[in-house]
Structures are given as C-alpha cells and as structure tokens.
>>> print(open('structure-v1.txt').read())   # compact mmCIF, C-alpha atoms
# COMPACT_ATOMS: atom_id res chain seq x y z
CA MET N 6 0.00 0.00 0.00
CA PRO N 7 1.57 3.35 -1.02
CA VAL N 8 2.52 5.82 1.69
CA HIS N 9 1.10 9.27 0.96
CA GLN N 10 2.86 12.42 2.05
CA LYS N 11 0.45 14.42 4.14
CA ILE N 12 -1.04 17.63 2.76
CA VAL N 13 -2.02 21.06 4.03
CA ILE N 14 -5.60 22.26 3.66
CA SER N 15 -6.15 25.98 3.13
CA ALA N 16 -9.55 27.12 4.40
CA SER N 17 -9.62 29.43 2.55
CA ARG N 18 -8.23 32.19 0.35
CA ARG N 19 -11.57 32.31 -1.47
CA THR N 20 -13.95 33.02 1.40
CA ASP N 21 -14.23 33.30 5.20
CA ILE N 22 -14.93 29.72 6.26
CA PRO N 23 -14.30 30.17 10.03
CA CYS N 24 -16.91 32.92 10.16
CA TYR N 25 -19.61 31.59 7.83
CA TYR N 26 -19.12 27.97 6.78
CA MET N 27 -17.88 25.86 9.67
CA ASP N 28 -21.00 23.64 9.65
CA TRP N 29 -20.29 22.79 6.02
CA PHE N 30 -16.58 22.33 6.76
CA MET N 31 -17.23 19.90 9.62
CA ASP N 32 -19.70 17.93 7.48
CA GLN N 33 -16.90 17.34 4.96
CA ILE N 34 -14.49 16.37 7.73
CA ARG N 35 -17.01 13.76 8.86
CA LYS N 36 -17.32 12.49 5.28
CA GLY N 37 -13.55 12.33 5.00
CA TYR N 38 -13.13 14.39 1.85
CA PHE N 39 -13.84 17.68 0.09
CA GLU N 40 -15.01 18.02 -3.50
CA VAL N 41 -13.48 21.22 -4.86
CA VAL N 42 -14.33 22.96 -8.13
CA ASN N 43 -11.41 24.77 -9.73
CA PRO N 44 -12.60 28.40 -10.22
CA PHE N 45 -10.87 28.66 -13.61
CA SER N 46 -11.00 25.22 -15.28
CA HIS N 47 -14.17 24.11 -13.40
CA THR N 48 -12.72 20.63 -12.96
CA VAL N 49 -13.66 18.83 -9.74
CA SER N 50 -11.00 17.45 -7.41
CA THR N 51 -11.45 15.21 -4.40
CA ILE N 52 -9.33 16.38 -1.45
CA PRO N 53 -8.80 14.00 1.48
CA ALA N 54 -9.94 15.28 4.87
CA THR N 55 -8.74 12.68 7.35
CA PRO N 56 -5.86 13.08 9.82
CA ASP N 57 -3.89 10.25 8.23
CA ARG N 58 -3.78 12.31 4.99
CA VAL N 59 -3.94 15.90 6.29
CA ALA N 60 -1.20 17.29 8.53
CA VAL N 61 -2.29 20.91 8.96
CA ILE N 62 -5.45 22.93 8.38
CA VAL N 63 -4.83 26.64 7.79
CA PHE N 64 -7.83 28.82 8.61
CA TRP N 65 -8.11 32.33 7.12
CA SER N 66 -10.56 34.81 8.64
CA LYS N 67 -11.33 38.35 9.76
CA ASN N 68 -13.76 37.14 12.41
CA PHE N 69 -13.11 33.92 14.32
CA ALA N 70 -16.05 34.39 16.72
CA PRO N 71 -18.19 31.54 15.27
CA PHE N 72 -15.15 29.26 15.11
CA ILE N 73 -14.37 29.95 18.77
CA SER N 74 -17.95 29.73 20.07
CA GLY N 75 -18.48 26.44 18.24
CA ASN N 76 -15.36 24.94 19.88
CA TYR N 77 -14.31 23.70 16.44
CA GLY N 78 -10.61 24.01 17.16
CA ASP N 79 -10.72 21.61 20.09
CA ILE N 80 -12.82 19.15 18.08
CA LEU N 81 -10.34 19.17 15.19
CA ILE N 82 -7.32 18.85 17.47
CA LYS N 83 -8.89 15.80 19.15
CA LYS N 84 -9.44 14.28 15.72
CA GLY N 85 -5.69 14.53 15.11
CA PHE N 86 -5.29 17.63 12.96
CA HIS N 87 -2.78 20.45 13.53
CA LEU N 88 -4.19 23.97 13.15
CA PHE N 89 -2.71 27.24 11.94
CA PHE N 90 -4.40 30.64 11.63
CA ASN N 91 -4.10 33.57 9.23
CA PHE N 92 -6.00 36.28 11.11
CA THR N 93 -6.51 39.54 9.21
CA VAL N 94 -6.80 42.41 11.69
CA ASN N 95 -6.98 45.80 9.97
CA SER N 96 -7.92 49.24 11.29
CA GLU N 97 -11.58 49.83 11.99
CA SER N 98 -13.38 51.15 8.91
CA SER N 99 -17.11 50.96 8.32
CA ILE N 100 -16.45 52.04 4.74
CA LEU N 101 -13.86 49.42 3.81
CA GLU N 102 -14.97 46.58 6.10
CA PRO N 103 -18.64 47.13 6.93
CA HIS N 104 -19.35 43.71 8.53
CA ILE N 105 -16.23 43.23 10.64
CA PRO N 106 -16.43 43.38 14.47
CA GLN N 107 -14.83 46.23 16.36
CA LEU N 108 -11.14 45.96 17.11
CA ARG N 109 -11.54 45.22 20.81
CA GLU N 110 -13.69 42.20 19.95
CA ARG N 111 -11.10 40.95 17.48
CA PHE N 112 -8.35 41.39 20.07
CA LYS N 113 -10.33 39.09 22.37
CA GLN N 114 -10.47 36.52 19.60
CA VAL N 115 -6.72 36.67 19.04
CA LYS N 116 -6.16 36.27 22.78
CA THR N 117 -8.41 33.19 22.85
CA LEU N 118 -6.62 31.60 19.88
CA CYS N 119 -3.21 32.33 21.42
CA ALA N 120 -4.22 30.69 24.68
CA ALA N 121 -5.64 27.62 22.96
CA PHE N 122 -3.11 27.09 20.15
CA HIS N 123 0.02 29.20 20.96
CA PRO N 124 1.03 32.51 19.33
CA ASP N 125 3.49 30.73 17.01
CA SER N 126 0.51 29.20 15.19
CA ILE N 127 -0.90 32.61 14.23
CA ASN N 128 0.02 35.00 11.42
CA TRP N 129 -1.31 38.52 11.87
CA ARG N 130 -2.26 39.86 8.45
CA PHE N 131 -2.59 43.64 8.15
CA ASP N 132 -3.82 43.43 4.61
CA PRO N 133 -4.28 45.21 2.31
CA ILE N 134 -2.97 48.73 2.89
CA THR N 135 -5.60 50.88 1.21
CA PHE N 136 -5.91 54.53 0.15
CA PHE N 137 -9.24 56.10 -0.74
CA GLN N 138 -11.29 59.28 -1.06
CA THR N 139 -14.93 60.07 -0.40
CA ASN N 140 -16.78 62.98 -2.01
CA ASN N 141 -13.53 64.60 -3.19
CA GLY N 142 -12.37 64.91 0.40
CA PRO N 143 -8.82 64.40 1.69
CA LEU N 144 -6.97 61.20 0.87
CA GLN N 145 -7.53 58.62 3.61
CA ASN N 146 -5.93 55.28 4.42
CA ASN N 147 -6.48 52.35 6.74
CA LEU N 148 -3.24 52.72 8.70
CA THR N 149 -4.88 54.69 11.52
CA ASP N 150 -4.96 51.85 14.07
CA PHE N 151 -1.80 50.07 12.97
CA GLU N 152 0.30 50.89 16.04
CA TRP N 153 -2.55 50.08 18.42
CA ILE N 154 -3.00 46.69 16.76
CA ALA N 155 0.77 46.10 16.83
CA ASP N 156 0.83 46.82 20.57
CA GLU N 157 -1.93 44.28 21.20
CA MET N 158 -0.33 41.63 19.02
CA ALA N 159 3.05 42.09 20.67
CA ASP N 160 1.50 41.77 24.13
CA LEU N 161 -0.02 38.43 23.05
CA GLY N 162 3.27 37.12 21.69
CA ILE N 163 2.49 37.34 17.96
CA SER N 164 5.81 37.60 16.13
CA ARG N 165 4.82 37.83 12.44
CA CYS N 166 2.93 40.51 10.51
CA ILE N 167 2.08 40.07 6.82
CA THR N 168 1.06 42.99 4.65
CA SER N 169 0.58 44.12 1.06
CA PHE N 170 -0.80 47.08 -0.83
CA MET N 171 -4.22 46.85 -2.42
CA ASP N 172 -4.27 45.48 -5.96
CA ASP N 173 -6.36 46.97 -8.76
CA TYR N 174 -8.78 44.26 -9.95
CA PRO N 175 -11.40 44.86 -12.69
CA LYS N 176 -14.23 43.68 -10.42
CA ILE N 177 -13.19 46.26 -7.79
CA ARG N 178 -13.35 49.03 -10.40
CA LYS N 179 -16.82 47.87 -11.43
CA ARG N 180 -17.91 47.73 -7.79
CA ILE N 181 -16.87 51.26 -6.90
CA ALA N 182 -18.28 52.63 -10.15
CA LYS N 183 -21.65 52.05 -8.49
CA ARG N 184 -20.62 54.18 -5.50
CA PRO N 185 -20.67 57.86 -6.53
CA GLY N 186 -18.17 59.98 -4.64
CA PHE N 187 -15.90 57.07 -3.69
CA SER N 188 -12.56 56.24 -5.29
CA PHE N 189 -9.47 54.20 -4.50
CA SER N 190 -5.99 55.67 -4.90
CA TYR N 191 -2.81 53.75 -5.66
CA PRO N 192 0.41 55.17 -4.16
CA SER N 193 3.70 55.47 -6.02
CA MET N 194 6.53 53.02 -5.38
CA ASN N 195 8.43 55.67 -3.40
CA THR N 196 5.40 56.18 -1.17
CA LYS N 197 5.02 52.44 -0.67
CA VAL N 198 8.68 52.12 0.33
CA THR N 199 8.32 54.98 2.83
CA ILE N 200 5.22 53.45 4.37
CA ILE N 201 6.43 49.88 4.66
CA THR N 202 9.84 50.83 6.07
CA LYS N 203 8.09 52.88 8.78
CA MET N 204 5.90 49.87 9.52
CA GLU N 205 9.00 47.71 9.75
CA GLN N 206 10.56 50.11 12.27
CA LYS N 207 7.42 50.23 14.43
CA LEU N 208 7.13 46.45 14.42
CA ALA N 209 10.82 45.88 15.15
CA GLU N 210 10.38 47.95 18.31
CA ARG N 211 7.79 45.33 19.33
CA ASP N 212 9.80 42.24 18.25
CA ILE N 213 7.47 41.55 15.33
CA SER N 214 8.91 40.66 11.90
CA LEU N 215 7.30 42.13 8.80
CA TYR N 216 6.61 40.13 5.64
CA ALA N 217 5.31 41.40 2.29
CA CYS N 218 2.73 39.30 0.43
CA CYS N 219 3.08 39.18 -3.39
CA GLU N 220 5.14 42.39 -3.46
CA LYS N 221 8.26 41.35 -5.40
CA GLU N 222 8.71 44.79 -7.01
CA LEU N 223 8.39 46.53 -3.66
CA LEU N 224 10.86 44.18 -1.98
CA ASN N 225 13.37 44.90 -4.73
CA ALA N 226 12.97 48.65 -4.11
CA LEU N 227 13.62 48.51 -0.35
CA PRO N 228 16.70 50.28 1.00
CA GLU N 229 19.77 48.35 2.02
CA GLY N 230 19.44 47.16 5.59
CA SER N 231 15.72 46.44 5.47
CA HIS N 232 14.80 43.07 6.94
CA ILE N 233 11.34 42.79 5.36
CA LYS N 234 10.99 39.36 3.77
CA SER N 235 8.73 37.80 1.18
CA SER N 236 5.71 36.25 2.84
CA SER N 237 4.70 32.62 2.87
CA CYS N 238 1.15 32.67 4.23
CA ILE N 239 1.11 28.87 3.92
CA PRO N 240 4.55 28.20 5.49
CA ASN N 241 5.02 24.43 5.31
CA ASP N 242 8.63 24.76 6.44
CA LEU N 243 7.36 26.41 9.64
CA PHE N 244 4.73 23.67 10.06
CA VAL N 245 7.50 21.06 9.99
CA LYS N 246 9.21 22.88 12.88
CA LEU N 247 6.01 23.54 14.85
CA PHE N 248 4.31 20.19 14.44
CA GLY N 249 7.07 17.74 13.53
CA CYS N 250 5.28 16.60 10.38
CA SER N 251 6.67 15.71 6.96
CA LEU N 252 5.43 18.06 4.24
CA SER N 253 6.35 19.26 0.78
CA ILE N 254 8.13 22.62 0.96
CA LYS N 255 7.77 23.33 -2.75
CA LYS N 256 6.16 26.62 -3.72
CA ASP N 257 2.50 26.41 -4.70
CA ALA N 258 2.44 26.56 -8.51
CA GLY N 259 -1.20 27.69 -8.38
CA GLN N 260 -0.33 30.94 -6.63
CA ARG N 261 1.26 34.19 -7.82
CA ILE N 262 4.90 33.09 -7.67
CA ARG N 263 5.85 35.58 -10.38
CA LEU N 264 4.69 38.41 -8.12
CA GLY N 265 6.53 37.09 -5.09
CA CYS N 266 4.11 34.66 -3.45
CA GLY N 267 6.07 32.36 -1.16
CA CYS N 268 3.21 30.05 -0.19
CA LYS N 269 4.09 26.38 -0.11
CA THR N 270 1.90 23.74 -1.67
CA SER N 271 -1.57 23.26 -0.19
CA LYS N 272 -5.13 22.39 -1.18
CA ASP N 273 -7.61 25.28 -1.02
CA ILE N 274 -11.13 24.00 -0.39
CA GLY N 275 -13.19 27.20 -0.63
CA SER N 276 -15.46 28.33 -3.45
CA TYR N 277 -16.16 31.87 -4.66
CA ARG N 278 -19.56 30.78 -5.96
CA LEU N 279 -20.75 28.21 -3.42
CA HIS N 280 -19.35 30.00 -0.36
CA PRO N 281 -19.73 33.74 -0.97
CA CYS N 282 -18.10 35.85 1.72
CA HIS N 283 -20.55 38.07 3.61
CA ASN N 284 -17.91 40.41 5.06
CA ARG N 285 -18.47 42.62 1.99
CA CYS N 286 -15.10 44.35 2.20
CA LEU N 287 -14.98 47.03 -0.46
CA TYR N 288 -11.50 46.12 -1.74
CA CYS N 289 -12.19 42.36 -1.92
CA TYR N 290 -10.97 40.42 -4.97
CA ALA N 291 -13.09 37.36 -4.12
CA ASN N 292 -16.60 38.80 -4.05
CA SER N 293 -18.48 39.74 -7.20
CA ALA N 294 -18.44 43.26 -8.58
CA SER N 295 -22.17 43.60 -7.87
CA MET N 296 -22.04 43.20 -4.09
>>> encode(input="structure-v1.txt", output="structure tokens")
Amino acid sequence: MPVHQKIVISASRRTDIPCYYMDWFMDQIRKGYFEVVNPFSHTVSTIPATPDRVAVIVFWSKNFAPFISGNYGDILIKKGFHLFFNFTVNSESSILEPHIPQLRERFKQVKTLCAAFHPDSINWRFDPITFFQTNNGPLQNNLTDFEWIADEMADLGISRCITSFMDDYPKIRKRIAKRPGFSFSYPSMNTKVTIITKMEQKLAERDISLYACCEKELLNALPEGSHIKSSSCIPNDLFVKLFGCSLSIKKDAGQRIRLGCGCKTSKDIGSYRLHPCHNRCLYCYANSASM
C-alpha cells in the first residue's frame, strides 16, 4: 500500500470559512473528503480530509467568533489535525470593512486563539494597505490603528505581521463605479517604500517581523538594511518545525509566484460561488463586482 505524504488544507483564500461555513466544513471532515471545483477550469478534485492524509489545516478569517464559540478548534485537534491561523486584523473602517467586528472584539479573539493554540501558530495579516477618497475629500488610508493593533499583538506574543498594498482588480473598479463619490488611490513606489519601512521600524520595536505578500517589485525597491521578507502565508517549512510533520516545501504553482508569493503547496477547499463571503469588504478580490 503506497505511503502518501500528508497535505495542508487551506480554508480558505476564497472566502471566510471560520466565520460563515464551519457547519459545512465539519460535514466534509465527517465524510472524509472535500469536492473542490477549480474556479478557472471548473474541474472537480477530491481532497482528502482525514488526519492520516492531512497534517495541517490553515484557517483564514477576519472574524473567528463563530469558530471559537463552536469549539471547532478543540474538536479538530482531538481528531488529530494540527491547526494554523491567518488572522486579518486591519484598522476599523465601516467604509472598507462594513461587517467586521470592532477591534476590541477581534483582540479578544486573538487572545483566545493564542491561549488555545500558541502565538506561534498565528500569522497577523494587516492586509491590504488601502488609500481612498470620499466625495472629493482628503486622501484617507487604513493605517490609523496600525500601532494600536501592533501593541496588542506584541502583548499576546504574535511575532509575524504580513502585509501588502491593495491590488487593482477589474471587479473592484466595477464595484466602486456604483458608489458615486468614492474612489481608491494607488500610491507610487516611493510612497510604498516609505510606508512599509516605517511599519517595519514600528514592528521591530515590538519584536514583530514584517513580511510582504506578493510584493516582489516593492521588496526589490527597499533600501539596504531592510529586513522585510517575502511572505509565505502557507509556510510548510514552519509547520515542519512547529508540528514535527513531513510536508512538501515546494512553492505552490497555483499561486502568484511571479509576483513574489512564497506560499508552499496546499489544497484550497473554498469556493467563490458556493461559499460567498458576507464580510463585503470594499477592496475584496473574491466577491463579485455587484455586491
């Protein structure tokens, strides 16, 4: 009988499963597999979902409250899975993130996850950095609470922050075209370098390392002496150290390697169509333009 190398499940880049779809997720765990439709080729793949085949489950979310209240983490650990968390915690903005809890509530969630699973199993994502205007007013951004969030994360023992600047997707342009008076702005490379090096300095003061997600051009423009690294939001090499498992550490060919994505191979089990995200973030690349 062949011995299969265990895999990593990503849940998910395509939607917020911990917030909205944990009942569905656990149903598939009980079945022992996921059926995943490729969003581009529309082919269907069967992904194993048993602890003898899956080493680590990576959960992505902006609101882990339903995950925590449902005690799903403890259930999955007892089944034999290792868990890792990509928790996006941005500044409060009812414009950009209308359905996200207030920061203090999210801090409580991070604290709960740290206590249950250890800070080393959590990436803090401050993502994306966004500039915008409303009604021809002054240029705004979502960096207003960055230092407050950094303070809270440092106090909890979080040591990694991942960031990127907002990308310009056609569906985002179509979405904001339906919002008179609102527009996004895209900073120059010099401005990006200034911003991210200041972030690096603030985080270094708190013993937090900064990583840039899919920002190869920006990384190449950084001044000598910067310690900002390319991000791997699915860091299989770290999982090997944390959990003692054997995993492939090849880069994920399905991700944006050309743009600097450092994610290692995994199986993403979300669906843009079947699992629409209800966070309704204005800059989202996953939701439809008509939201």
>>> closest_residue(input="structure-v1.txt", among="N:Phe92, N:Phe122, N:Trp153, N:Phe189", to="Cys166 (chain N)", atoms="all atoms listed in the file")
N:Phe92
>>> closest_residue(input="structure-v1.txt", among="N:Ile105, N:Cys289, N:Met204, N:Ala121", to="Asp172 (chain N)", atoms="all atoms listed in the file")
N:Cys289
>>> atom_distance(input="structure-v1.txt", atom1="CA of Ser271 (chain N)", atom2="CA of Pro175 (chain N)")
26.8 Å
>>> residues_around(input="structure-v1.txt", residues="region 30-37 of chain N", least_positions_apart="5", cutoff="9 Å", atoms="all atoms listed in the file", output="PyMOL selection string")
chain N and resi 16+22-23+52-55+77+81
>>> closest_residue(input="structure-v1.txt", among="N:Ile181, N:Met171, N:Leu208, N:Ile154", to="Ile100 (chain N)", atoms="only C-alpha atoms")
N:Ile181
>>> closest_residue(input="structure-v1.txt", among="N:Phe86, N:Tyr191, N:Phe39, N:Trp29", to="Ile274 (chain N)", atoms="only C-alpha atoms")
N:Phe39
>>> residues_around(input="structure-v1.txt", residues="Asp57 (chain N)", least_positions_apart="4", cutoff="9 Å", atoms="only C-alpha atoms", output="MDAnalysis selection string")
chainID N and resid 9 11 85:86
>>> axis_aligned_box(input="structure-v1.txt", around="region 276-293 of chain N", padding_each_side="4 Å", output="JSON")
{"center_x": -15.9, "center_y": 37.6, "center_z": -1.1, "size_x": 17.8, "size_y": 26.8, "size_z": 20.3}
>>> closest_atom_pairs(input="structure-v1.txt", of="region 20-68 of chain N", to="region 253-270 of chain N", cutoff="12 Å", atoms="all atoms listed in the file", output="JSON lines")
{"residue": "N:Asn43", "atom": "CA", "partner": "N:Gly259", "partner_atom": "CA", "distance": 10.7}
{"residue": "N:Pro44", "atom": "CA", "partner": "N:Gly259", "partner_atom": "CA", "distance": 11.6}
{"residue": "N:Phe45", "atom": "CA", "partner": "N:Gly259", "partner_atom": "CA", "distance": 11.0}
{"residue": "N:Ala60", "atom": "CA", "partner": "N:Ser253", "partner_atom": "CA", "distance": 11.0}
{"residue": "N:Val61", "atom": "CA", "partner": "N:Thr270", "partner_atom": "CA", "distance": 11.8}
{"residue": "N:Val63", "atom": "CA", "partner": "N:Cys268", "partner_atom": "CA", "distance": 11.8}
>>> write_last_selection(input="structure-v1.txt", atoms="C-alpha atoms", output="mmCIF file, in the coordinates of the input")
data_model
loop_
_atom_site.group_PDB
_atom_site.id
_atom_site.type_symbol
_atom_site.label_atom_id
_atom_site.label_comp_id
_atom_site.auth_asym_id
_atom_site.auth_seq_id
_atom_site.Cartn_x
_atom_site.Cartn_y
_atom_site.Cartn_z
ATOM 1 C CA ASN N 43 -11.410 24.770 -9.730
ATOM 2 C CA PRO N 44 -12.600 28.400 -10.220
ATOM 3 C CA PHE N 45 -10.870 28.660 -13.610
ATOM 4 C CA ALA N 60 -1.200 17.290 8.530
ATOM 5 C CA VAL N 61 -2.290 20.910 8.960
ATOM 6 C CA VAL N 63 -4.830 26.640 7.790
#
>>> closest_residue(input="structure-v1.txt", among="N:Asp173, N:Arg285, N:Ser99, N:Glu229", to="Ser188 (chain N)", atoms="all atoms listed in the file")
N:Asp173
>>> closest_residue(input="structure-v1.txt", among="N:Pro71, N:Pro103, N:Gly78, N:Pro228", to="Asn195 (chain N)", atoms="all atoms listed in the file")
N:Pro228
>>> residues_around(input="structure-v1.txt", residues="Gly142 (chain N)", least_positions_apart="5", cutoff="10 Å", atoms="all atoms listed in the file", output="number ranges by chain")
N: 137, 186-187
>>> residues_around(input="structure-v1.txt", residues="Leu101 (chain N)", least_positions_apart="5", cutoff="7 Å", atoms="all atoms listed in the file", output="PDB file with C-alpha atoms, in the frame of the given file")
ATOM      1  CA  CYS N 286     -15.100  44.350   2.200  1.00  0.00           C
ATOM      2  CA  LEU N 287     -14.980  47.030  -0.460  1.00  0.00           C
ATOM      3  CA  TYR N 288     -11.500  46.120  -1.740  1.00  0.00           C
TER       4      TYR N 288
END
>>> atom_distance(input="structure-v1.txt", atom1="CA of Thr168 (chain N)", atom2="CA of Ser17 (chain N)")
17.4 Å
>>> residues_around(input="structure-v1.txt", residues="Glu152 (chain N)", least_positions_apart="3", cutoff="10 Å", atoms="all atoms listed in the file", output="list in words")
Ser96, Leu148, Thr149, Ala155, Asp156, Glu157, Met158, Met204, Lys207, Leu208 and Arg211 of chain N
>>> residues_near_point(input="structure-v1.txt", point="(-5.2, 57.3, -1.2)", cutoff="7 Å", atoms="all atoms listed in the file", output="list in words")
Thr135, Phe136, Phe137, Gln138, Leu144, Gln145, Asn146, Phe189, Ser190, Tyr191 and Pro192 of chain N
>>> atom_distance(input="structure-v1.txt", atom1="CA of Arg18 (chain N)", atom2="CA of Pro185 (chain N)")
29.3 Å
>>> decode(input="structure-v1.txt", residues="region 58-96 of chain N", atoms="C-alpha atoms", output="mmCIF file, in the first residue's frame")
data_model
loop_
_atom_site.group_PDB
_atom_site.id
_atom_site.type_symbol
_atom_site.label_atom_id
_atom_site.label_comp_id
_atom_site.auth_asym_id
_atom_site.auth_seq_id
_atom_site.Cartn_x
_atom_site.Cartn_y
_atom_site.Cartn_z
ATOM 1 C CA ARG N 58 -3.778 12.309 4.990
ATOM 2 C CA VAL N 59 -3.938 15.903 6.293
ATOM 3 C CA ALA N 60 -1.204 17.293 8.531
ATOM 4 C CA VAL N 61 -2.289 20.913 8.963
ATOM 5 C CA ILE N 62 -5.446 22.928 8.383
ATOM 6 C CA VAL N 63 -4.826 26.645 7.790
ATOM 7 C CA PHE N 64 -7.828 28.825 8.611
ATOM 8 C CA TRP N 65 -8.112 32.325 7.122
ATOM 9 C CA SER N 66 -10.560 34.812 8.645
ATOM 10 C CA LYS N 67 -11.326 38.349 9.761
ATOM 11 C CA ASN N 68 -13.758 37.144 12.412
ATOM 12 C CA PHE N 69 -13.107 33.923 14.324
ATOM 13 C CA ALA N 70 -16.047 34.390 16.719
ATOM 14 C CA PRO N 71 -18.192 31.544 15.270
ATOM 15 C CA PHE N 72 -15.147 29.257 15.112
ATOM 16 C CA ILE N 73 -14.370 29.949 18.772
ATOM 17 C CA SER N 74 -17.947 29.732 20.069
ATOM 18 C CA GLY N 75 -18.475 26.437 18.241
ATOM 19 C CA ASN N 76 -15.364 24.937 19.883
ATOM 20 C CA TYR N 77 -14.311 23.696 16.445
ATOM 21 C CA GLY N 78 -10.615 24.014 17.161
ATOM 22 C CA ASP N 79 -10.719 21.614 20.089
ATOM 23 C CA ILE N 80 -12.819 19.151 18.083
ATOM 24 C CA LEU N 81 -10.336 19.174 15.188
ATOM 25 C CA ILE N 82 -7.316 18.849 17.469
ATOM 26 C CA LYS N 83 -8.888 15.803 19.153
ATOM 27 C CA LYS N 84 -9.437 14.279 15.716
ATOM 28 C CA GLY N 85 -5.690 14.532 15.114
ATOM 29 C CA PHE N 86 -5.292 17.633 12.958
ATOM 30 C CA HIS N 87 -2.779 20.446 13.528
ATOM 31 C CA LEU N 88 -4.195 23.966 13.151
ATOM 32 C CA PHE N 89 -2.714 27.242 11.944
ATOM 33 C CA PHE N 90 -4.396 30.644 11.629
ATOM 34 C CA ASN N 91 -4.097 33.570 9.233
ATOM 35 C CA PHE N 92 -6.000 36.275 11.114
ATOM 36 C CA THR N 93 -6.512 39.536 9.212
ATOM 37 C CA VAL N 94 -6.797 42.411 11.690
ATOM 38 C CA ASN N 95 -6.984 45.800 9.971
ATOM 39 C CA SER N 96 -7.917 49.237 11.294
#
